[in-house]
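Data block below; observations after.
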Amino acid sequence: MTEPKRLFDCLQFHLKSKPLPVMLAAKENGKWKTYSTEEVKNTVDKLSAGLLNLGIQCGDMTAEKRDKIAILSKNRPEWVMLDLAVQQIGAILTPVYPTINVQDLEFVLKDAQVKIVFVNDEELFHKVLSVKDRVPSLQEIYTFEHVANARHWKEVITLSDEAALQKIQTIADNIAYEDLVTIIYTSGTTGTPKGVMLSHKNILSNVMACYPCLPAFPNMKSLSFLPLNHIFERMITYFYLYRGIAIYYAESMETIGDNLKEVKPDMFTTVPRLLEKVYDRIMAKGAELTGLKRKLFYWAHDLATRYEINKPMGFSYNLQLSLANKLIFSKWREALGNNLKCIVSGGAACQVRLIRIFTAAQIPVLEGYGLTETSPVISVNRFEEHDRMFGTVGPVIDEVEVKIAEDGEILCKGPNVMMGYYKRPDLTEEAISGGWYHTGDIGMIVDNKYVKITDRKKELFKTSGGKYVAPLPIENKLKESIYVEQIMVVGSERKFVGALIIPAFPALKDWARKQGIQDLSNDQLIKQPKVIDLFNELVDSYNKFFNHVEQIKRFELLPQEWSIETGEMTPKMSIKRKVVMEKYKDAIEHIYV
């Protein structure tokens with residue numbers, strides 16, 4: 001088959017070469033239900049035909065005239081089937097985070113003039129229904145689960161007929177490589193959502209450029225749990241589909257552990273926050289061990305923290321590590337399904353120490369970097385070790401160029417750079433000049449090859465003494481402690497650097513019990529003098545890694561973890577700094593009294 005030019009060509013690509021017995025899979029009533037390439041193609045075509053009969057049109061193929069369909073749903077096979085069905089009739093899919101607040105939801109549906117919304121369940125049905133009267137363009141809401149008084153998505157399939165099925169190919173033949181395929185509204189940490197317009201070319205060029213970066217083995221399986229409405233998981237989905245890798249959807253974030261053991265995937269993508277939680281669980285299990293088993297666990301862990309790639313570690317170290325892999329790390333691999341070739345991490349900075357430890361345990365973590373506006377990958381550490389470097393986000397992918405601006409900002413140019421922001425030429429002009437997209441990240445190129453991110457441009461702050469501080473490296477260093485769950489460094493226009501710290505309460509309570517402090521709430525625990533002393537010592541021990549201006553002089557301990565639900569975290573698990581600054585302004589003031 002000729003080089004694919006549209007994302008939806010993945011179906012023909014496999015039907016002509018090697019149809020997959022399992023293309024997509026998900027749990028239904030406690031059992032895995034699988035869909036072959038033929039089944040997916042059949043459902044996609046009927047769904048397309050049903051949408052045509054509902055009056056969904058591609059107009060003159062301009063962004064404004066093409067009909068928009070929104071989706072608010074957890075990851076499931078129907079998500080991808082809808083995406084493909086919408087694509088091949090020239091409509092535009094606008095994915096929306098299920099956790100979006102109602103004001104932003106109304107804005108997105110109005111801004112995109114969405115005609116039909118597909119939702120996962122009853123809760124999301126009522127969420128969309130609550131704004132429907134204020135969105136003139138919105139005609140219908142369909143649900144994937146059966147919901148009382150709501151239309152089920154299969155009703156669209158029943159609208160399919162021969163005449164509409166005949167039309168699909170004619171429309172699809174007129175869809176070009178450069179045509180818009182999706183509008184993704186970035187949740188961002190501030191302001192109104194912006195609609196990022198991505199074309200088939202943007203995403204497909206990214207898929208193809210990732211081919212040489214990631215492993216290729218026959219009959220591979222993946223587990224998908226990062227939100228599909230985020231470009232990272234959406235792009236990797238098309239990588240899987242073109243590569244012939246079966247996609248199994250985790251039931252929920254809570255069941256990932258069980259699903260890993262059931263599916264035994266070869267790879268999955270994650271954000272650092274989830275990797276940290278996996279590591280914390282492993283360390284908590286290690287802490288429960290006693291005697292020789294405990295000694296062996298910490299010996300193996302200590303070995304892994306010293307691991308290097310592309311550098312001879314010596315016969316004695318290698319011998320010890322292979323023993324550690326046999327005795328200890330084999331159990332880590334077992335917990336992750338015992339079949340992992342690699343984990344791909346993105347969306348935020350990952351602690352180097354974690355990457356080092358997992359890689360030593362024969363679970364390579366390939367950290368990459370990109371943004372919604374770059375479809376998303378700009379650079380990634382490769383599966384081949386000679387193209388990997390700890391502490392960096394890897395070499396730039398094929399056909400993409402990177403340069404560092406005078407102020408240290410990373411600029412990117414290539415087929416992956418978005419078409420622009422929907423209806424916002426002003427913002428597009430601000431973000432892209434001379435073909436270069438301004439990422440807003442500060443970084444450098446190491447060894448003329450590897451991209452290294454040092455901070456977000458807008459997160460850099462100046463102390464009242466006029467010195468610049470980059471919070472990210474400080475936060476990542478302190479998160480290495482088993483007692484630190486979350487941290488945000490503060491100090492803009494203040495005389496010194498401070499921090500809000502949320503302790504890792506399971507580890508802290510374990511420590512407290514040994515000190516004779518027990519049965520206290522989180523609130524009571526963080527006020528204990530011994531606990532405050534512990535964190536003072538901890539902060540002092542990490543301060544030595546930073547220059548005087550960057551060192552944390554005072555901090556406040558907080559009792560409650562930040563989350564998406566409570567509003568302090570974005571859906572991709574980054575801290576919304578402005579929200580935290582506002583919500584905890586009293587705690588911040590207390591640092592500086």
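Chain labels follow the order of the structure tokens: the first chain is A, the next B, and so on; residue numbering restarts at 1 in every chain, and ligands are counted from 1 in their shown order.
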Please, which residues in range 386-427 of chain A fall within 6 Å of range 190-207 of chain A when counting only C-alpha atoms, and what is the closest atom pair and distance in Å to one decimal for each, ordered by chain then residue number, as CSV?
residue,atom,partner,partner_atom,distance
A:Pro415,CA,A:Asn202,CA,5.6
A:Asn416,CA,A:Asn202,CA,4.2
A:Met418,CA,A:Leu198,CA,5.2
A:Met419,CA,A:Met197,CA,5.5
A:Gly420,CA,A:Met197,CA,5.6
A:Tyr421,CA,A:Val196,CA,4.8
A:Tyr422,CA,A:Gly195,CA,5.0
Gly347 in chain A: which residues within 9 Å, counting only C-alpha atoms, same-chain residues fewer than 3 positions away excluded, as a list of chain:residue names? A:Phe232, A:Thr270, A:Val271, A:Pro272, A:Cys350, A:Gly368, A:Tyr369, A:Gly370, A:Leu371, A:Lys572, A:Met573, A:Ser574
Quick one: contact table of range 199-314 of chain A to range 79-94 of chain A, 9 Å max, nearest atom pair and distance in Å to one decimal per residue, counting only C-alpha atoms, chain and number order, as a Markdown table?
| residue | atom | partner | partner_atom | distance |
| --- | --- | --- | --- | --- |
| A:Leu228 | CA | A:Trp79 | CA | 8.0 |
| A:Asn229 | CA | A:Thr94 | CA | 8.4 |
| A:Arg234 | CA | A:Val80 | CA | 8.8 |
| A:Thr237 | CA | A:Val80 | CA | 8.5 |
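Among the candidates A:Lys311, A:Cys210, A:Asp533, A:Ser252, the residue lying nearest to Arg382 in chain A is A:Cys210 (atoms considered: only C-alpha atoms).
Our summary of the geometry notes that CA of Ser48 in chain A is positioned 16.0 Å from CA of Glu140 in chain A.
For Arg388 in chain A, the non-local neighbours within 9 Å, defined as residues at least 6 positions apart in the same chain or in other chains and counting only C-alpha atoms, are Ile309, Asn310, Leu366, Val380, Asn381, Arg382, Gly394, Pro395 and Tyr450 of chain A.
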My list of candidates is A:Glu233, A:Arg76, A:His126, A:Gly244. Which is closest to Ser17 in chain A when distances are computed with only C-alpha atoms? A:Gly244
